[in-house]
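Here is the structure we will look at.
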Amino acid sequence: MKNLNRRNFLRLTAAGSAGLFIPSKLPAVTNRVSQPEEGKINMEYRTLGRTGIKVPVLSMGVMRADNPNLVKAAIRSGIVHFDTAHGYQEGKNELMLGKIFKDVPRESFVVATKIKVDQRKGIFSKDAPEQFMEKFNLSMQRLGLDYVDILYFHAIDSREATLHEPILKVMQDLKAQGRTKNIGVSTHSNEPEVINAAVDSGVYDVVLTAYNFKQKHLPELNAAIDRAAAAGLGVVAMKTMAGAKDINIPAALKWVFQNKNIHTTIPGFTAFDELDVCLACATDPQLTGDEKNYLAQADVAPSLYCQQCNSCTTQCAKHLPIPDLMRAYMYNYGYRYPAEARTLVTSLHLSSNPCSSCTLCKVKCTNGFAVAEKVRDIARIAAVPREFLT
Ligand code: SF4
Ligand code: SF4
């Protein structure tokens with residue numbers, strides 16, 4: 001994310017000069033006893049569909065955050081919804097949240113976690129439900145909670161996977177037992193198909209989808225989001241920074257806020273100045289002229305964001321999972337999060353140079369990516385020992 005100077009930012013913004021973003025001037029975390037008071041720090045609230053959960057348009061994607069004080073500052077600033085996953089930071093992310101949450105009244109925050117099981121395009125192993133339950137139990141242990149507010153079936157990329165009966169049953173049982181209040185599906189590949197399947201299922205309460213200004217030319221995605229919201233599902237947006245490298249945070253985030261069918265966003269800020277910028281966007285979500293100009297230019301500029309359109313997969317001589325590899329590339333060079341890039345590449349079980357036997361790459365990426373070059377580059381990360389990466 002763009003490196004801003006916190007002191008200058010606070011001095012130059014009206015909200016900053018009112019002291020709205022200085023955690024030490026906000027109520028202590030432990031004073032919060034109920035759902036957030038609307039308008040407390042002047043953020044817009046929206047309701048997550050039929051879940052009835054009311055949250056500010058700004059939530060926190062905790063994935064890369066490793067500073068508990070940043071999460072506490074977010075809580076004191078009025079953010080109530082925290083999004084993690086079983087796999088983030090190999091469990092340390094949930095453990096960090098668990099330590100923070102034990103000092104916070106349960107009804108004052110909303111937490112979502114996500115469970116992934118091995119699958120490809122809806123083909124699961126037989127023990128997928130057991131895998132799911134084992135991971136869920138461990139997540140609850142780490143979080144130190146009796147229940148989560150949203151339990152997502154994580155990183156789903158097809159209708160078949162979204163509707164996989166054995167997993168749906170596990171999640172419905174957990175909901176009936178009160179161990180999750182709501183069930184959802186998360187997707188950053190083939191999103192329209194997954195979102196539409198979630199609506200058709202009649203089972204899911206929430207969808208978490210990639211959504212950013214780079215996707216404005218994808219009418220199917222916008223139509224699926226509109227359909228989900230109209231059907232009463234909560235809609236949460238991730239990947240709002242479109243690859244994150246050198247992005248204008250306010251322009252990217254405010255662009256997402258303009259869509260009223262997106263109920264909240266989970267940008268993954270990792271520093272206090274980034275939190276300040278995101279809060280400023282949520283208190284004043286109107287795009288400025290400069291931000292609109294930036295978006296117009298950024299729309300056509302090269303970026304690290306792979307649209308996950310899948311049009312490359314059939315063109316590849318080896319049918320490599322190119323969208324996953326491009327996402328790993330973005331994690332490494334955009335988010336500067338090599339550990340997550342390595343986790344993703346390793347999960348694909350590829351050889352160290354998957355393009356080695358190809359003399360000519362025939363893949364034509366709709367984004368103009370030099371696919372083979374990026375594949376060769378990112379595939380090497382699997383060979384780097386995990387302990388060398390952060
Ligand atoms: S064609 Fe390009 S943008 Fe589409 S999924 Fe493949 S790499 Fe990503
Ligand atoms: S060079 Fe790599 S990406 Fe291109 S067709 Fe061959 S295996 Fe696929």
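Order determines the names: the first chain of the structure tokens is A, the second B, and so forth; residues in each chain are numbered 1 upward, and ligands are numbered 1 upward as they are shown.
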
task: Fewer than 5 positions away in the same chain doesn't count, so skip those; otherwise give me all residues within 9 Å of Tyr337 in chain A, counting only C-alpha atoms, as a ChimeraX atom specification.
output: /A:64,330-332,342,389-390

The selected residues should be written to file as a short mmCIF file (atom, residue, chain, number, x, y, z; two decimals), in the first residue's frame (atoms: N, CA and C atoms).
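Dumped to selection-v1.cif:
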```cif
data_model
loop_
_atom_site.label_atom_id
_atom_site.label_comp_id
_atom_site.auth_asym_id
_atom_site.auth_seq_id
_atom_site.Cartn_x
_atom_site.Cartn_y
_atom_site.Cartn_z
N ARG A 64 -2.84 -10.28 6.86
CA ARG A 64 -1.40 -10.00 6.93
C ARG A 64 -1.00 -9.29 8.22
N MET A 330 0.78 -11.98 -7.29
CA MET A 330 0.28 -10.73 -6.69
C MET A 330 0.57 -10.69 -5.18
N TYR A 331 0.38 -11.83 -4.50
CA TYR A 331 0.68 -11.86 -3.06
C TYR A 331 2.14 -11.49 -2.82
N ASN A 332 3.01 -12.02 -3.69
CA ASN A 332 4.44 -11.80 -3.48
C ASN A 332 4.87 -10.38 -3.83
N ARG A 342 4.01 -18.51 -1.13
CA ARG A 342 4.60 -19.85 -1.08
C ARG A 342 3.54 -20.90 -0.71
N LEU A 389 10.75 -16.96 4.98
CA LEU A 389 9.77 -16.01 4.45
C LEU A 389 8.85 -15.47 5.54
N THR A 390 8.39 -14.24 5.34
CA THR A 390 7.43 -13.67 6.30
C THR A 390 6.10 -13.44 5.61
#
```

Filtered DSSP result for range 101-324 of chain A, state helix (DSSP H, G or I), as a compact mmCIF listing (two decimals) with C-alpha atoms, in the first residue's frame:
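That gives us part_2.txt:
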```txt
# COMPACT_ATOMS: atom_id res chain seq x y z
CA PHE A 101 -11.01 -10.93 21.85
CA ARG A 106 -18.39 -10.89 22.69
CA GLU A 107 -21.41 -8.95 21.45
CA SER A 108 -19.26 -5.95 20.48
CA ALA A 128 -13.43 -33.45 3.01
CA PRO A 129 -16.12 -33.11 5.73
CA GLU A 130 -13.74 -34.53 8.35
CA GLN A 131 -10.97 -32.21 7.13
CA PHE A 132 -13.38 -29.29 7.40
CA MET A 133 -14.50 -30.17 10.93
CA GLU A 134 -10.97 -30.75 12.17
CA LYS A 135 -9.88 -27.35 10.91
CA PHE A 136 -13.00 -25.65 12.25
CA ASN A 137 -12.45 -27.09 15.76
CA LEU A 138 -8.85 -25.94 15.73
CA SER A 139 -9.88 -22.46 14.56
CA MET A 140 -12.39 -22.16 17.41
CA GLN A 141 -9.71 -23.24 19.87
CA ARG A 142 -7.31 -20.63 18.58
CA LEU A 143 -9.96 -17.91 18.62
CA ARG A 159 -20.71 -24.04 -8.89
CA GLU A 160 -20.02 -27.69 -8.10
CA ALA A 161 -17.77 -26.80 -5.20
CA THR A 162 -20.17 -24.18 -3.85
CA GLU A 165 -23.48 -31.43 -0.35
CA PRO A 166 -21.26 -32.99 2.33
CA ILE A 167 -19.67 -29.63 3.19
CA LEU A 168 -22.99 -27.80 3.04
CA LYS A 169 -24.35 -30.30 5.55
CA VAL A 170 -21.39 -29.80 7.90
CA MET A 171 -21.88 -26.04 7.83
CA GLN A 172 -25.64 -26.28 8.29
CA ASP A 173 -25.11 -28.57 11.29
CA LEU A 174 -22.65 -26.10 12.81
CA LYS A 175 -25.17 -23.32 12.31
CA ALA A 176 -27.94 -25.40 13.92
CA GLU A 191 -16.79 -15.27 -8.86
CA PRO A 192 -20.08 -14.81 -10.78
CA GLU A 193 -20.62 -18.58 -11.01
CA VAL A 194 -19.91 -19.06 -7.30
CA ILE A 195 -22.08 -16.14 -6.21
CA ASN A 196 -24.99 -17.30 -8.36
CA ALA A 197 -24.66 -20.83 -6.99
CA ALA A 198 -24.67 -19.44 -3.44
CA VAL A 199 -27.91 -17.62 -4.17
CA ASP A 200 -29.46 -20.71 -5.80
CA SER A 201 -28.48 -22.90 -2.85
CA PHE A 213 -12.22 -0.99 -9.84
CA LYS A 214 -10.30 -3.25 -12.21
CA GLN A 215 -13.40 -5.43 -12.39
CA PRO A 219 -20.91 -7.17 -16.08
CA GLU A 220 -21.46 -10.77 -14.92
CA LEU A 221 -19.78 -10.04 -11.61
CA ASN A 222 -21.78 -6.89 -11.00
CA ALA A 223 -24.99 -8.69 -11.95
CA ALA A 224 -24.21 -11.57 -9.58
CA ILE A 225 -23.50 -9.16 -6.71
CA ASP A 226 -26.77 -7.31 -7.38
CA ARG A 227 -28.63 -10.62 -7.48
CA ALA A 228 -27.09 -11.80 -4.21
CA ALA A 229 -27.97 -8.57 -2.43
CA ALA A 230 -31.53 -8.66 -3.82
CA ILE A 249 -5.91 3.65 -1.38
CA PRO A 250 -8.69 6.27 -1.10
CA ALA A 251 -9.57 6.06 -4.79
CA ALA A 252 -9.68 2.26 -4.79
CA LEU A 253 -11.62 1.91 -1.55
CA LYS A 254 -14.10 4.69 -2.23
CA TRP A 255 -14.81 3.20 -5.63
CA VAL A 256 -15.99 0.01 -3.90
CA PHE A 257 -18.06 1.98 -1.37
CA PHE A 272 -1.46 2.65 11.51
CA ASP A 273 -1.21 5.19 8.69
CA GLU A 274 -3.06 2.80 6.38
CA LEU A 275 -5.78 2.38 9.01
CA ASP A 276 -6.09 6.16 9.19
CA VAL A 277 -6.44 6.44 5.43
CA CYS A 278 -9.10 3.71 5.31
CA LEU A 279 -11.04 5.36 8.16
CA ALA A 280 -10.92 8.69 6.37
CA CYS A 281 -12.42 7.01 3.30
CA ALA A 282 -15.24 5.50 5.36
CA THR A 283 -16.07 8.85 6.94
CA GLY A 289 -11.98 14.84 -8.86
CA ASP A 290 -8.36 13.76 -8.49
CA GLU A 291 -9.40 10.30 -7.36
CA LYS A 292 -11.73 9.93 -10.34
CA ASN A 293 -8.87 10.95 -12.64
CA TYR A 294 -6.58 8.45 -10.95
CA LEU A 295 -9.13 5.65 -11.44
CA ALA A 296 -9.56 6.53 -15.11
CA GLN A 297 -5.80 6.24 -15.64
CA ALA A 298 -5.32 3.19 -13.40
CA ASP A 299 -8.12 1.40 -15.19
CA VAL A 300 -6.02 1.09 -18.34
CA ILE A 322 -2.46 -20.03 -14.11
CA PRO A 323 -5.02 -17.89 -12.22
CA ASP A 324 -3.77 -19.35 -8.91
```

Original post:
Do you know which residues are at most 9 Å from Pro68 in chain A counting only C-alpha atoms, after dropping those on the same chain fewer than 3 positions away, and could you put them as a ChimeraX atom specification?
Top reply: /A:65,71-73,96-97,99-100

Please, could you write that set of residues out with C-alpha atoms as a short mmCIF file (atom, residue, chain, number, x, y, z; two decimals), in the first residue's frame?
```
data_model
loop_
_atom_site.label_atom_id
_atom_site.label_comp_id
_atom_site.auth_asym_id
_atom_site.auth_seq_id
_atom_site.Cartn_x
_atom_site.Cartn_y
_atom_site.Cartn_z
CA ALA A 65 -1.68 -8.07 10.20
CA VAL A 71 -6.24 -4.55 15.66
CA LYS A 72 -6.95 -2.85 19.01
CA ALA A 73 -6.66 0.56 17.36
CA MET A 96 -3.61 -13.20 17.79
CA LEU A 97 -7.30 -12.38 17.43
CA LYS A 99 -5.86 -13.09 22.63
CA ILE A 100 -7.41 -9.73 21.78
#
```

| query | Taking only C-alpha atoms and all ligand atoms into account, which residues are within 12 Å of ligand 1, as a ChimeraX atom specification? | reply | /A:157,188-191,214-215,218,302-316,319-330,362-375

Those selected residues, please, written with C-alpha atoms and delivered as a compact mmCIF listing (two decimals), in the first residue's frame.
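Full text of part35.txt as output:
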```
# COMPACT_ATOMS: atom_id res chain seq x y z
CA ASP A 157 -14.07 -21.48 -7.70
CA HIS A 188 -11.64 -14.91 -5.84
CA SER A 189 -11.90 -16.97 -8.99
CA ASN A 190 -14.88 -17.50 -11.27
CA GLU A 191 -16.79 -15.27 -8.86
CA LYS A 214 -10.30 -3.25 -12.21
CA GLN A 215 -13.40 -5.43 -12.39
CA LEU A 218 -17.13 -7.50 -15.79
CA PRO A 302 -0.85 -2.43 -16.23
CA SER A 303 -1.32 -3.92 -12.78
CA LEU A 304 -0.64 -7.08 -10.85
CA TYR A 305 -4.33 -7.91 -10.57
CA CYS A 306 -5.32 -11.08 -12.41
CA GLN A 307 -9.02 -10.94 -13.20
CA GLN A 308 -9.22 -14.70 -12.56
CA CYS A 309 -11.23 -14.92 -15.77
CA ASN A 310 -9.78 -18.37 -16.50
CA SER A 311 -9.55 -17.75 -20.23
CA CYS A 312 -5.88 -18.84 -20.08
CA THR A 313 -6.31 -22.25 -18.51
CA THR A 314 -7.49 -24.02 -21.66
CA GLN A 315 -4.84 -22.32 -23.79
CA CYS A 316 -1.96 -23.58 -21.66
CA HIS A 319 -3.32 -26.81 -18.29
CA LEU A 320 -1.48 -25.12 -15.45
CA PRO A 321 -3.58 -23.41 -12.79
CA ILE A 322 -2.46 -20.03 -14.11
CA PRO A 323 -5.02 -17.89 -12.22
CA ASP A 324 -3.77 -19.35 -8.91
CA LEU A 325 -0.17 -18.73 -9.95
CA MET A 326 -0.99 -15.14 -10.89
CA ARG A 327 -2.67 -14.66 -7.51
CA ALA A 328 0.46 -15.99 -5.83
CA TYR A 329 2.49 -13.56 -7.94
CA MET A 330 0.28 -10.73 -6.69
CA LYS A 362 0.59 -19.76 -26.63
CA VAL A 363 -1.33 -18.26 -23.75
CA LYS A 364 -2.89 -14.88 -24.50
CA CYS A 365 -3.89 -13.25 -21.25
CA THR A 366 -6.81 -10.85 -21.44
CA ASN A 367 -4.87 -8.61 -19.04
CA GLY A 368 -1.77 -8.67 -21.22
CA PHE A 369 0.33 -10.54 -18.65
CA ALA A 370 3.50 -12.25 -19.84
CA VAL A 371 2.14 -15.42 -18.31
CA ALA A 372 5.05 -17.83 -18.85
CA GLU A 373 7.51 -15.31 -17.44
CA LYS A 374 5.42 -14.81 -14.31
CA VAL A 375 4.80 -18.54 -13.89
```

Give me, as CSV, the closest atom pair and its distance (Å, one decimal) for every residue of range 175-246 of chain A within a cut-off of 10 Å of range 46-60 of chain A, counting only C-alpha atoms, rows sorted by chain and rising number.
```
residue,atom,partner,partner_atom,distance
A:Lys181,CA,A:Thr51,CA,8.2
A:Asn182,CA,A:Thr51,CA,6.9
A:Ile183,CA,A:Thr51,CA,9.5
A:Asp205,CA,A:Thr51,CA,6.5
A:Val206,CA,A:Leu48,CA,7.5
A:Val207,CA,A:Leu48,CA,9.8
A:Ala228,CA,A:Gly49,CA,9.0
A:Ala229,CA,A:Gly49,CA,6.7
A:Ala230,CA,A:Gly49,CA,8.6
A:Ala231,CA,A:Gly49,CA,8.4
A:Gly232,CA,A:Gly49,CA,4.8
A:Leu233,CA,A:Gly49,CA,4.7
A:Gly234,CA,A:Leu48,CA,4.0
A:Val235,CA,A:Leu48,CA,6.5
A:Val236,CA,A:Leu48,CA,8.0
A:Ala237,CA,A:Ser59,CA,9.7
A:Met238,CA,A:Met60,CA,9.9
```

Counting only C-alpha atoms and all ligand atoms, the residue among A:His81, A:Lys318, A:Lys102, A:His217 that lies closest to ligand 2 is A:Lys318

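Each of A:Thr113, A:Ser357, A:Ser347, A:Gln89 was checked against ligand 2 using only C-alpha atoms and all ligand atoms; the smallest atom-to-atom distance is that of A:Ser357.
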
### Task
Return as a PyMOL selection string the full set of residues in range 38-186 of chain A whose backbone-based DSSP assignment is strand (DSSP E).
chain A and resi 45-47+54-56+60-61+81-83+110-115+119-120+123-124+148-153+180-186

Between CA of Ile156 in chain A and CA of Arg120 in chain A lies a distance of 8.8 Å

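A straight line drawn from CA of Thr240 in chain A to CA of Thr209 in chain A is 9.6 Å long.
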
Among A:Lys114, A:His86, A:Arg376, A:His164, Thr180 in chain A is approached most closely, using only C-alpha atoms, by A:Lys114

Next item on the list: Show which residues sit within 7 Å of Lys239 in chain A, as a list of chain:residue names. Count only C-alpha atoms, and ignore same-chain residues fewer than 6 positions away.
Entry: A:Ala210, A:Tyr211, A:Asn212
